[in-house]
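To start, the structure under review is shown below, and the notes come after it.
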Amino acid sequence: MSEPVAVKLTAKDFKSDQEVRWCPGCGDYAILAAIQQFMPELNIPRERTVFVSGIGCSSRFPYYMNTYGMHSIHGRAPAIATGLSVSRPDLSVWVVTGDGDALSIGGNHLIHALRRNVNLKILLFNNRIYGLTKGQYSPTSEVGKITKSTPAGSADAPFNPLSLALGAEASFVGRTIDSDRKHLQSVLRAAAEHEGSAFVEIYQNCNIFNDGAFEQLKDPSTRDNYLIRLEHGQPITFGADGQFCVVHPPGGFGLEVRDTNSVRPEEIVVHDATVTDPAYAFALSRLPGLDLRNTPIGVFRSVDRPSYDSVVQAQLAAAKAKVTETPEQQLAGLLGSGDTWTII
Amino acid sequence: MSEPVAVKLTAKDFKSDQEVRWCPGCGDYAILAAIQQFMPELNIPRERTVFVSGIGCSSRFPYYMNTYGMHSIHGRAPAIATGLSVSRPDLSVWVVTGDGDALSIGGNHLIHALRRNVNLKILLFNNRIYGLTKGQYSPTSEVGKITKSTPAGSADAPFNPLSLALGAEASFVGRTIDSDRKHLQSVLRAAAEHEGSAFVEIYQNCNIFNDGAFEQLKDPSTRDNYLIRLEHGQPITFGADGQFCVVHPPGGFGLEVRDTNSVRPEEIVVHDATVTDPAYAFALSRLPGLDLRNTPIGVFRSVDRPSYDSVVQAQLAAAKAKVTETPEQQLAGLLGSGDTWTII
Amino acid sequence: MTKQIRQLDRVVIRFAGDSGDGMQLTGDRFTSETAQLGNDISTLPNFPAEIRAPAGTLPGVSSFQVHFADYDILTPGDAPNVLVAMNPAALKANLADLPRGADIIVNTDEFTKRNLAKVGYQTSPLDDDSLAGYVVHPVALTSMTVGALAAHQVSKKDAERSKNMFALGLLSWMYSRPYESTLRFLERKFAARPELVAANVAAFKAGWNFGETTEDFAVRYEVKPAKMKPGTYRNITGNAALSLGLVAAGVRSGLPVFLGAYPITPASDILHELSKHKRFGVITVQAEDEIAAVGAALGASYGGSLGVTTTSGPGVALKSETISLAVALELPLVIVDVQRAGPSTGMPTKTEQADLNMALYGRHGEAPVAVIAPRSPSDCFFAALEAARIALTYRTPVILLSDNYVANGSEPWLLPDVESLPDLRVEFATKPNGDDGTTFLPYLRDPETLARPWAIPGTAGLEHRIGGLEKADKTGDISYDPANHDFMVRTRAARIETIPVPDIEVEDPDGDARVLVLGWGSTYGPIGAACRGVRQRGLSIAQAHLRHLAPMPANLGEVLRSYDKVVIPEMNLGQLAHVIRARYLVDAISYNQVRGLPFTAAELETTLEEVLKNV
Amino acid sequence: MTKQIRQLDRVVIRFAGDSGDGMQLTGDRFTSETAQLGNDISTLPNFPAEIRAPAGTLPGVSSFQVHFADYDILTPGDAPNVLVAMNPAALKANLADLPRGADIIVNTDEFTKRNLAKVGYQTSPLDDDSLAGYVVHPVALTSMTVGALAAHQVSKKDAERSKNMFALGLLSWMYSRPYESTLRFLERKFAARPELVAANVAAFKAGWNFGETTEDFAVRYEVKPAKMKPGTYRNITGNAALSLGLVAAGVRSGLPVFLGAYPITPASDILHELSKHKRFGVITVQAEDEIAAVGAALGASYGGSLGVTTTSGPGVALKSETISLAVALELPLVIVDVQRAGPSTGMPTKTEQADLNMALYGRHGEAPVAVIAPRSPSDCFFAALEAARIALTYRTPVILLSDNYVANGSEPWLLPDVESLPDLRVEFATKPNGDDGTTFLPYLRDPETLARPWAIPGTAGLEHRIGGLEKADKTGDISYDPANHDFMVRTRAARIETIPVPDIEVEDPDGDARVLVLGWGSTYGPIGAACRGVRQRGLSIAQAHLRHLAPMPANLGEVLRSYDKVVIPEMNLGQLAHVIRARYLVDAISYNQVRGLPFTAAELETTLEEVLKNV
Ligand SMILES: Cc1ncc(C[n+]2csc(CCOP(=O)(O)OP(=O)(O)O)c2C)c(N)n1
Ligand SMILES: Cc1ncc(C[n+]2csc(CCOP(=O)(O)OP(=O)(O)O)c2C)c(N)n1
Ligand code: SF4
Ligand code: SF4
Ligand SMILES: [Mg+2]
Ligand SMILES: [Mg+2]
């Protein structure tokens with residue numbers, strides 16, 4: 001999967017000839033540019049890279065990548081990508097999906113791909129709205145959200161995509177944001193290196209139907225006080241000069257934010273994405289408030305467990321190891337197995 | 001939903017005239033008997049009780065209850081029950097489902113019902129196998145399980161149904177076991193009292209295709225050392241004379257089991273099902289080992305948040321409150337709204 | 001300057017611009033003004049698949065066509081007499097549809113080098129002679145609007161965005177439209193920002209005055225009111241009419257309407273509309289997917305609501321398994337399919353009639369349902385009521401096949417008197433129906449309708465269980481009995497086949513036609529217009545249009561056999577024709593176009609004349 | 001005691017007992033012994049929907065029917081000559097199928113008061129005269145088995161469970177079957193528990209010896225080997241044959257087979273079987289649902305595997321949307337539908353042919369696929385190969401319509417020579433196909449097959465994107481162009497319509513038949529047997545059987561029109577008949593039974609004679 005290629009590729013090599021057709025100002029543009037710029041560093045030939053998407057604004061993504069790609073149907077990308085990945089372990093398979101595509105109609109395929117640990121890099125562009133169908137609420141929209149389909153406000157609590165993924169046994173879970181190219185690329189890098197399913201939520205602005213949904217995380221005046229940048233092995237602090245920090249109050253199960261000055265340094269939680277027990281990452285996933293305060297971004301969890309693909313391939317290999325005949329001979333043997341009789 | 005009924009009902013009143021057709025020895029019998037015995041104490045008239053199921057051995061359940069019931073299609077019971085419950089807040093709606101029905105084909109409807117907090121009592125009969133289709137592995141089967149469809153062993157990690165439910169924002173999560181009628185009824189009681197979705201996993205023995213799956217939790221020689229009975233407000237201890245206890249090691253996020261003698265009493269976790277942060281219940285859900293050691297049963301989590309049904313009803317009520325006209329007058333008004341012109 | 005006033009009997013105007021130019025709104029307003037005047041109207045919006053395709057590109061062009069006349073018309077018109085082109089892309093994308101001699105009003109401000117290049121114009125078509133055959137009116141729409149608003153307290157961007165009102169003002173002047181309703185509309189729309197009200201009104205008036213003063217527009221037109229039945233009218237799209245029909249079905253049945261829906265183009269607007277009508281007790285649930293949506297609707301029907309689900313083709317495909325359950329459960333259920341071009345995702349914003357096969361046959365096992373289709377935007381109201389009537393009376397799923405053309409098109413609608421709408425009240429079962437007086441038999445049928453009792457949860461004494469396994473006749477118990485299965489399969493088929501539906505009516509004004517044109521659904525308008533055209537040339541032709549696709553009208557076979565030739569135009573590859581051939585062994589001629597667009601009356605007319613030649 | 005030996009040309013035996021009695025295994029073994037002898041065979045298992053319905057009840061009865069003869073036979077037989085009834089329920093459930101004079105072997109030990117009461121017998125049918133018309137052989141099967149195993153080291157329960165081997169021994173004696181293979185089988189089956197091998201062998205021999213000694217069985221029968229083509233045979237069920245056909249398709253195409261499946265009766269066994277063949281590179285994924293299963297298969301096809309998904313009706317309904325995507329993507333995909341009785345959950349263990357409509361029409365938009373159906377258990381092997389051939393050559397989804405009857409029935413299968421199987425090799429695209437030598441056009445078609453190139457990921461230089469939106473001809477770019485859509489819709493239809501399939505063959509031995517019986521799928525056997533019967537009475541009748549339902553054979557219209565009458569028997573309400581009528585305007589007579597059971601030859605014979613009378 002990562003044999004070096006002769007010629008070093010550049011971002012331009014990953015641009016397809018298709019005109020990009022998102023609304024001007026859409027966060028998808030930034031994500032596309034970040035990914036096109038990032039892909040060359042993987043050293044995977046373009047022809048071995050495949051983007052599979054569902055339906056939604058975000059799901060147009062594959063058209064713009066000069067790799068192999070399939071714009072499939074609503075919600076089914078993880079299922080289709082599973083068949084591709086399991087049968088073609090030599091490929092690097094990426095799934096691009098939206099909050100509606102992945103969590104509404106496609107919720108089941110997503111959680112099963114994560115449980116199985118299929119070798120997919122799943123990028124969920126979360127704009128907390130249905131973009132393509134022009135503005136209905138999505139499973140990540142806030143309670144009480146007023147949209148075309150909920151003029152009196154939505155009645156249901158949203159999913160927390162990362163909590164859901166962790167509840168579904170995800171081995172890699174991360175979050176990043178459209179506007180921060182460097183950070184986005186760093187999370188993708190970690191995802192690409194992970195063997196198994198890597199689930200990455202990307203906060204994405206839909207400037208037409210849900211503009212400013214993540215504004216607090218982007219506005220220079222609030223950004224630093226709202227965003228928690230997770231770094232493996234580092235104490236979790238944020239804000240100007242690390243003003244705030246994350247602690248794990250004794251007796252409690254969740255995490256809380258404190259003034260760094262008010263706690264002893266050893267009380268500050270040191271981020272470790274590799275702990276086997278998902279309870280830590282789960283606690284992290286619950287940190288943000290409704291106003292997006294204390295939003296961690298980065299790699300929440302990255303643990304090793306065998307990918308579904310690798311187990312399947314190992315089973316195939318084991319079965320084939322004993323074979324000495326040609327396929328035709330094997331077939332003849334199989335057809336003639338069991339009780340047979342001969343008429344002459 | 002709980003107006004008293006004149007005549008006190010008994011278990012017999014909840015038995016339908018249909019012959020029960022599970023395999024002799026199936027754990028479903030015990031669950032059925034426990035529920036039939038339990039229902040009268042709810043004081044809900046039979047006609048206001050509805051059981052909706054999917055497809056599977058477990059899903060035959062509604063036929064045997066002398067209430068209203070629908071044996072629907074595979075995986076869809078939560079969706080169908082959502083429509084029923086939301087439109088008929090006067091009913092007590094129960095969903096009976098299996099591990100395949102709820103977590104494989106029906107996974108999406110399940111997590112969305114939980115997220116929405118629809119007023120459903122969801123009973124998942126988990127036998128860790130597909131019973132009705134004669135023995136394929138299910139999403140709760142152990143890794144490496146050899147079944148008809150996985151002769152070389154299954155390649156994928158199972159769901160932990162309670163972790164999944166918690167990741168999906170469930171407001172009530174519990175677990176119980178077919179063989180312990182009293183416990184089963186106590187969990188159902190709590191579920192019935194809960195406003196919103198109550199998700200109850202019931203370990204159920206399929207003596208034909210997965211016999212003894214939960215034997216350690218039933219065998220008198222292991223049972224007490226394996227099962228952790230959660231009681232709200234009580235320190236979590238188990239085993240003979242409370243030999244073992246559950247502690248929350250400082251710095252960690254998970255829970256661990258210790259010899260009660262080896263820890264200070266205040267170190268023992270006091271069970272509280274009502275903490276808002278699901279991280280505690282999540283940690284509890286991760287406690288059991290692969291060998292079923294340290295399996296908590298009881299109510300893991302029971303927190304208040306508005307049910308979907310109640311919000312929908314409140315919106316309807318608010319909209320209707322302003323109405324003074326008859327429906328026909330309203331309709332005439334609606335038809336004639338907007339720009340109209342008259343030709344005479 | 002005095003202007004000439006010319007009388008016209010009909011006009012087709014197409015407003016075209018960038019997605020951001022507000023063409024749908026402009027068209028809507030013009031339509032509304034026109035409606036006030038009493039013309040008959042038919043409209044056709046056409047918007048891109050992208051939310052906002054890149055500005056100035058061909059895929060970004062959005063248009064709205066309105067046809068109005070002093071007589072009753074049937075289609076939005078084949079070819080515009082006037083094109084308003086807000087930019088080069090709009091001109092390029094629409095030019096091919098214009099007949100020679102048509103008027104073209106272009107916004108010259110947008111004909112910049114850059115914009116021309118974006119759509120591949122080497123030179124400006126305004127400067128070369130490529131528009132020689134048309135009457136071109138170059139208007140500096142943007143700069144004149146900005147100029148007119150110089151004194152207003154609005155940003156340049158807001159000023160520029162008002163240019164559509166300038167255009168509307170100009171067109172309103174040209175066609176002598178009353179503009180009061182537009183001014184009121186602007187006040188409502190921008191209520192929160194009075195400066196925008198003022199700006200838009202000023203832009204509108206500037207456009208009007210420009211028409212009045214400039215020499216380029218020497219003629220002003222008038223289209224007299226059409227002779228229409230007396231009564232109160234409103235202009236309505238198919239999706240809106242369908243939504244109101246469902247609300248009306250709730251009122252007339254006394255049942256709560258429950259909509260389970262998952263958004264999908266072009267059906268989402270029904271969800272949007274119904275979610276506003278909570279005061280009628282209408283519940284809308286935006287479900288997690290189409291399967292959940294129909295499941296929730298079925299659950300609600302089980303509980304005594306009128307369960308409805310609205311979607312488009314891909315959604316119906318997903319719902320098939322649950323519809324099959326509804327067939328087994330014999331509960332009312334209305335499934336609305338606003339068809340779009342397929343297969344797969346296809347062309348989501350384009351129209352097609354290719355889901356008929358799926359509606360009739362797209363389920364496993366013998367799983368018959370009723371199928372009906374509306375013929376025009378306002379007819380969607382009555383079709384929804386009819387779907388509800390059949391569902392409620394016969395306890396069956398009904399598929400209502402609308403399509404993008406009727407759903408988004410609009411026409412004047414004579415408001416019906418509420419009391420005149422059908423009475424849809426149903427009786428729930430309340431007591432045992434067994435011979436012994438104590439047993440309840442959930443599958444004991446009404447001998448006339450073959451409907452089983454609808455005993456909703458909450459009814460004491462009628463507790464029973466239903467499900468998707470085959471059920472014994474009467475008792476509803478699970479049954480594997482071969483004879484019972486055969487009986488139930490045939491009974492379910494008979495239940496649908498014997499639903500009484502009105503006879504099909506044939507329009508044959510000359511009375512001697514030998515060729516019948518049979519259609520269904522949204523082709524009614526184009527077929528009707530084509531038949532008129534044929535007759536105007538002195539030829540006879542008969543037209544019949546199917547509302548009920550399953551069951552079919554009892555007299556249909558007889559009608560078909562009384563003509564020498566039957567032509568069936570469809571926006572698919574001949575799906576109705578296939579059914580007609582199979583049922584009646586009539587060698588129907590299938591005429592098909594699958595272009596994502598409605599038939600034009602002209603091309604149909606040509607086809608029909610061709611057929612007539614060979615009778 | 002010397003026994004009489006009587007020669008028979010054919011026998012039908014039905015083993016019936018409780019689900020726990022091992023009747024399927026007993027029948028299987030008897031079949032195997034019979035096969036060794038060279039009789040022609042046809043079998044029909046029939047098991048309850050419940051896993052283990054309560055012991056001794058009617059719904060718990062499981063049976064296995066085997067028909068064997070000294071000539072080639074076509075069905076498992078209408079009516080058993082011999083019924084082995086292991087308990088009162090088995091007797092009661094099967095009695096109605098027996099002709100007068102049939103032998104009934106009953107296990108008297110189970111005819112207890114309690115067991116009789118369970119199935120509503122007031123008095124024992126063994127004691128009253130209700131079995132007067134039959135030859136009843138009361139045998140104390142259980143107690144004699146237990147007695148015979150007295151010296152064995154097995155529990156009483158295990159001893160009792162061996163009673164099926166006693167019965168098998170007795171029947172094997174009666175019909176002079178060679179039993180070596182059964183002894184070998186027992187050794188394999190109980191390899192881990194030698195005491196059970198001994199016990200079962202002893203029970204078998206006790207049964208055999210009982211036949212030899214008791215006076216009740218005075219006659220022993222022989223059925224001579226049938227004249228069958230030379231070669232090596234095995235007995236095979238449809239599901240097994242279909243699985244082997246898929247493995248063979250993998251070998252003959254050189255492609256890995258990828259099965260995405262979700263368990264469902266009666267298709268699950270294909271998943272079970274294929275999951276054993278990893279050494280062929282076959283990957284099986286048990287997906288989370290049917291949609292994921294077909295999605296995964298499609299993903300695998302995209303990657304260059306032969307993607308397959310196996311299911312039954314409800315599963316196909318769920319897969320429709322994805323099949324529609326596969327139509328748009330133009331990738332190979334085999335969808336196996338082992339039909340069962342519908343609608344909805346229906347009767348999952350019973351057979352039916354009612355998914356033909358769904359296979360042909362059950363998708364939104366114009367989404368044509370190829371459809372084929374096997375005619376017998378062993379034919380499933382060749383049908384699977386043919387499905388793969390069409391899918392791979394024409395890059396299209398193919399629906400293979402098996403059903404419960406062929407899937408679980410069995411017959412002798414002359415093993416084909418592997419080299420004689422069709423060569424299914426395909427060529428992936430490896431280089432640009434554009435005129436310029438550098439561009440790759442993913443929708444540039446092969447002029448002959450109309451197939452587009454299959455350029456799998458990993459192929460450098462051919463990177464391209466595909467999807468469900470309408471695609472421009474050749475380039476595959478997204479296109480909303482009306483003319484392109486029309487062209488693509490028609491091309492997709494033509495792609496299927498023009499697949500060359502073999503002409504349909506008519507069997508008309510007399511050469512002067514005026515009536516043609518047309519069938520498809522699993523009715524081949526019963527129709528064939530009925531035609532034989534008709535001919536034996538000196539009447540002429542022609543039979544033709546469709547393997548290809550889409551496209552249909554080119555000569556079909558001509559064939560149909562050359563008969564005065566066409567009769568189409570189907571286990572549905574006339575789905576093929578509808579297609580035939582529509583396509584060929586032939587007034588075909590539809591004869592339907594929807595009982596969850598195959599036609600009996602006798603009833604078909606009567607129907608055909610009726611038709612012949614009226615020609
Ligand atoms: C089966 C099906 N149902 C519904 C749709 C309509 N649809 C297209 S995209 C979409 C949701 C898009 O939301 P999201 O996934 O959040 O993507 P975004 O547009 O916001 O990027 C819906 C409902 C569809 N194409 N197919
Ligand atoms: C759409 C559909 N797919 C598949 C099936 C077949 N099926 C019936 S039950 C079942 C799984 C049963 O497993 P589970 O839910 O665990 O229930 P159990 O029988 O173990 O109680 C399956 C796959 C079906 N009935 N419908
Ligand atoms: S609608 Fe929103 S998400 Fe979609 S392209 Fe436009 S801005 Fe982006
Ligand atoms: S198969 Fe298993 S779960 Fe099903 S009825 Fe039998 S014992 Fe119970
Ligand atoms: Mg979104
Ligand atoms: Mg199970």
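How things are named: the first chain in the structure tokens is A, the next is B, and so on; residues count from 1 in each chain; ligands count from 1 in the order shown.
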(request) For ligand 3, collect every residue having any atom at a distance of at most 12 Å from a ligand atom (counting only C-alpha atoms and all ligand atoms); output as a PyMOL selection string. (result) (chain A and resi 20-32+55-61+97-100+125-136+178+203-213) or (chain C and resi 19-20+49-54)
Selected residues written out with C-alpha atoms, as an mmCIF file, in the first residue's frame:
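Saved as selection00.cif:
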data_model
loop_
_atom_site.group_PDB
_atom_site.id
_atom_site.type_symbol
_atom_site.label_atom_id
_atom_site.label_comp_id
_atom_site.auth_asym_id
_atom_site.auth_seq_id
_atom_site.Cartn_x
_atom_site.Cartn_y
_atom_site.Cartn_z
ATOM 1 C CA VAL A 20 -15.810 22.112 -8.955
ATOM 2 C CA ARG A 21 -19.448 22.899 -8.305
ATOM 3 C CA TRP A 22 -19.939 23.781 -4.699
ATOM 4 C CA CYS A 23 -21.375 27.125 -3.670
ATOM 5 C CA PRO A 24 -18.822 29.886 -3.568
ATOM 6 C CA GLY A 25 -17.498 30.040 -0.014
ATOM 7 C CA CYS A 26 -18.409 26.472 0.882
ATOM 8 C CA GLY A 27 -16.070 24.819 3.379
ATOM 9 C CA ASP A 28 -15.777 21.846 1.043
ATOM 10 C CA TYR A 29 -13.346 23.823 -1.113
ATOM 11 C CA ALA A 30 -10.860 24.150 1.709
ATOM 12 C CA ILE A 31 -11.084 20.469 2.528
ATOM 13 C CA LEU A 32 -10.582 19.536 -1.102
ATOM 14 C CA ILE A 55 -24.858 11.485 -1.908
ATOM 15 C CA GLY A 56 -24.755 15.024 -0.642
ATOM 16 C CA CYS A 57 -22.780 18.148 -1.446
ATOM 17 C CA SER A 58 -19.773 16.609 0.285
ATOM 18 C CA SER A 59 -20.223 13.398 -1.652
ATOM 19 C CA ARG A 60 -19.344 15.128 -4.901
ATOM 20 C CA PHE A 61 -15.803 14.981 -3.645
ATOM 21 C CA THR A 97 -19.563 11.363 3.469
ATOM 22 C CA GLY A 98 -21.778 14.006 5.073
ATOM 23 C CA ASP A 99 -23.590 14.147 8.378
ATOM 24 C CA GLY A 100 -26.826 13.072 6.716
ATOM 25 C CA PHE A 125 -17.924 16.405 6.456
ATOM 26 C CA ASN A 126 -20.172 17.607 9.235
ATOM 27 C CA ASN A 127 -22.015 20.826 8.452
ATOM 28 C CA ARG A 128 -24.903 19.954 10.747
ATOM 29 C CA ILE A 129 -27.408 20.364 7.916
ATOM 30 C CA TYR A 130 -28.602 18.734 4.720
ATOM 31 C CA GLY A 131 -26.908 20.824 2.097
ATOM 32 C CA LEU A 132 -27.801 19.170 -1.189
ATOM 33 C CA THR A 133 -31.518 18.933 -0.430
ATOM 34 C CA LYS A 134 -31.489 22.596 0.564
ATOM 35 C CA GLY A 135 -31.562 22.869 4.252
ATOM 36 C CA GLN A 136 -33.354 20.304 6.373
ATOM 37 C CA ASP A 178 -12.171 22.764 7.301
ATOM 38 C CA TYR A 203 -16.356 20.421 10.809
ATOM 39 C CA GLN A 204 -17.383 22.069 7.585
ATOM 40 C CA ASN A 205 -19.164 25.312 7.002
ATOM 41 C CA CYS A 206 -22.235 25.357 4.774
ATOM 42 C CA ASN A 207 -22.437 29.033 4.116
ATOM 43 C CA ILE A 208 -25.786 28.754 2.409
ATOM 44 C CA PHE A 209 -27.921 26.781 4.828
ATOM 45 C CA ASN A 210 -26.058 26.773 8.124
ATOM 46 C CA ASP A 211 -23.547 29.554 7.921
ATOM 47 C CA GLY A 212 -21.287 30.051 10.879
ATOM 48 C CA ALA A 213 -22.120 26.769 12.556
ATOM 49 C CA SER C 19 -28.744 30.714 -9.533
ATOM 50 C CA GLY C 20 -28.075 33.747 -7.380
ATOM 51 C CA ALA C 49 -28.907 20.295 -9.650
ATOM 52 C CA GLU C 50 -26.244 22.180 -7.778
ATOM 53 C CA ILE C 51 -27.169 24.368 -4.854
ATOM 54 C CA ARG C 52 -25.140 27.248 -6.231
ATOM 55 C CA ALA C 53 -23.117 26.187 -9.195
ATOM 56 C CA PRO C 54 -20.225 28.548 -9.843
#
(message) Could you pull out the strand (DSSP E or B) residues of stretch 159-289 of chain C, going by DSSP on the backbone, and write them as a list in words?
(response) Val219, Arg220, Tyr221, Glu222, Val223, Gly231, Thr232, Tyr233, Arg234, Asn235, Ile236, Thr237, Val257, Phe258, Leu259, Gly260, Ala261, Ile283, Thr284, Val285 and Gln286 of chain C
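For the atom pair formed by atom CA of C:Gly511 and atom CA of C:Tyr563, the distance is 11.6 Å, given to one decimal.
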(request) Point out the residue among C:Arg234, C:Lys276, C:Lys474, C:Arg581 with the least atom-to-atom distance to chain A, counting only C-alpha atoms. (result)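 Closest to chain A of all the choices is C:Lys276.
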(message) Contacts from chain D to chain C, 7 Å maximum, only C-alpha atoms: show me the residue list as a PyMOL selection string.
(response) chain D and resi 313-314+317-318+320-321+324-325+328+341-347+354-355+357-358+361-367+468-470+480+482-483+485-486+578-579+581-582+585+593-596
(message) Set the distance at 9 Å and use only C-alpha atoms: which residues neighbour A:Asp224 once local chain neighbours fewer than 4 positions away are removed? I'd like the list as a VMD selection string.
(response) chain A and resid 217 to 220 228 238 to 240
Could the residues in this selection be saved with C-alpha atoms as a compact mmCIF listing (two decimals), in the first residue's frame?
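File part_25.txt, as written:
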# COMPACT_ATOMS: atom_id res chain seq x y z
CA LEU A 217 -13.90 27.67 16.43
CA LYS A 218 -12.68 29.87 13.57
CA ASP A 219 -13.09 33.43 14.74
CA PRO A 220 -9.65 34.59 15.89
CA ILE A 228 -8.57 22.09 22.41
CA PHE A 238 -5.36 25.45 25.46
CA GLY A 239 -6.15 29.14 25.27
CA ALA A 240 -3.65 31.94 25.21
(message) Show me, as a ChimeraX atom specification, every residue of chain D with an atom at most 8 Å from chain A, counting only C-alpha atoms.
(response) /D:32,35-36,38,181,228-235,244,247-248,251-252,258,260,278-283,288,291-293,295-303,305,322,325,415,417-419,457-468
(request) Skip D:Val66 itself and residues of its chain fewer than 2 positions away, then list as number ranges by chain all residues within 10 Å of it, counting only C-alpha atoms. (result) D: 11-15, 27-28, 30-31, 34, 41-45, 64, 68, 75-77, 80, 409-411
Those selected residues, please, written with C-alpha atoms and delivered as a short mmCIF file (atom, residue, chain, number, x, y, z; two decimals), in the first residue's frame.
data_model
loop_
_atom_site.label_atom_id
_atom_site.label_comp_id
_atom_site.auth_asym_id
_atom_site.auth_seq_id
_atom_site.Cartn_x
_atom_site.Cartn_y
_atom_site.Cartn_z
CA VAL D 11 -41.73 -45.58 -6.18
CA VAL D 12 -42.48 -42.47 -4.14
CA ILE D 13 -41.65 -42.64 -0.47
CA ARG D 14 -42.29 -39.94 2.09
CA PHE D 15 -40.52 -39.96 5.42
CA GLY D 27 -34.41 -39.08 3.44
CA ASP D 28 -31.03 -37.88 2.35
CA PHE D 30 -32.15 -43.16 1.38
CA THR D 31 -31.66 -40.93 -1.61
CA THR D 34 -30.82 -45.09 -4.26
CA ILE D 41 -34.28 -39.63 -8.50
CA SER D 42 -36.07 -36.49 -7.53
CA THR D 43 -36.54 -35.33 -3.97
CA LEU D 44 -38.62 -32.78 -2.09
CA PRO D 45 -37.87 -31.85 1.50
CA PHE D 64 -38.78 -35.69 2.95
CA PHE D 68 -37.02 -43.01 -7.81
CA THR D 75 -40.66 -34.51 -10.31
CA PRO D 76 -40.52 -35.81 -6.76
CA GLY D 77 -43.87 -37.43 -7.39
CA PRO D 80 -46.40 -41.14 -2.07
CA GLY D 409 -34.98 -30.48 -4.03
CA SER D 410 -32.35 -32.80 -5.41
CA GLU D 411 -31.69 -34.98 -8.40
#
(message) Please determine, counting only C-alpha atoms, which residue among B:Ala152, B:Ala11, B:Ile35, B:Ile236 has the shortest atom-to-atom distance to chain A.
(response)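 Of B:Ala152, B:Ala11, B:Ile35, B:Ile236, the one nearest chain A, counting only C-alpha atoms, is B:Ala152.
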(request) Compile the contact shell of C:Tyr591 as a PyMOL selection string: residues with an atom at most 7 Å away, counting only C-alpha atoms, same-chain residues fewer than 3 positions apart removed. (result) chain C and resi 567-570
(message) What are the residues of chain B lining chain A at 8 Å or less? Count only C-alpha atoms, and put the answer as an MDAnalysis selection string.
(response) chainID B and resid 104:108 115:117 152 155:160 163:169 248 250:254 277 279:280 282:283 286 308 311:312 315
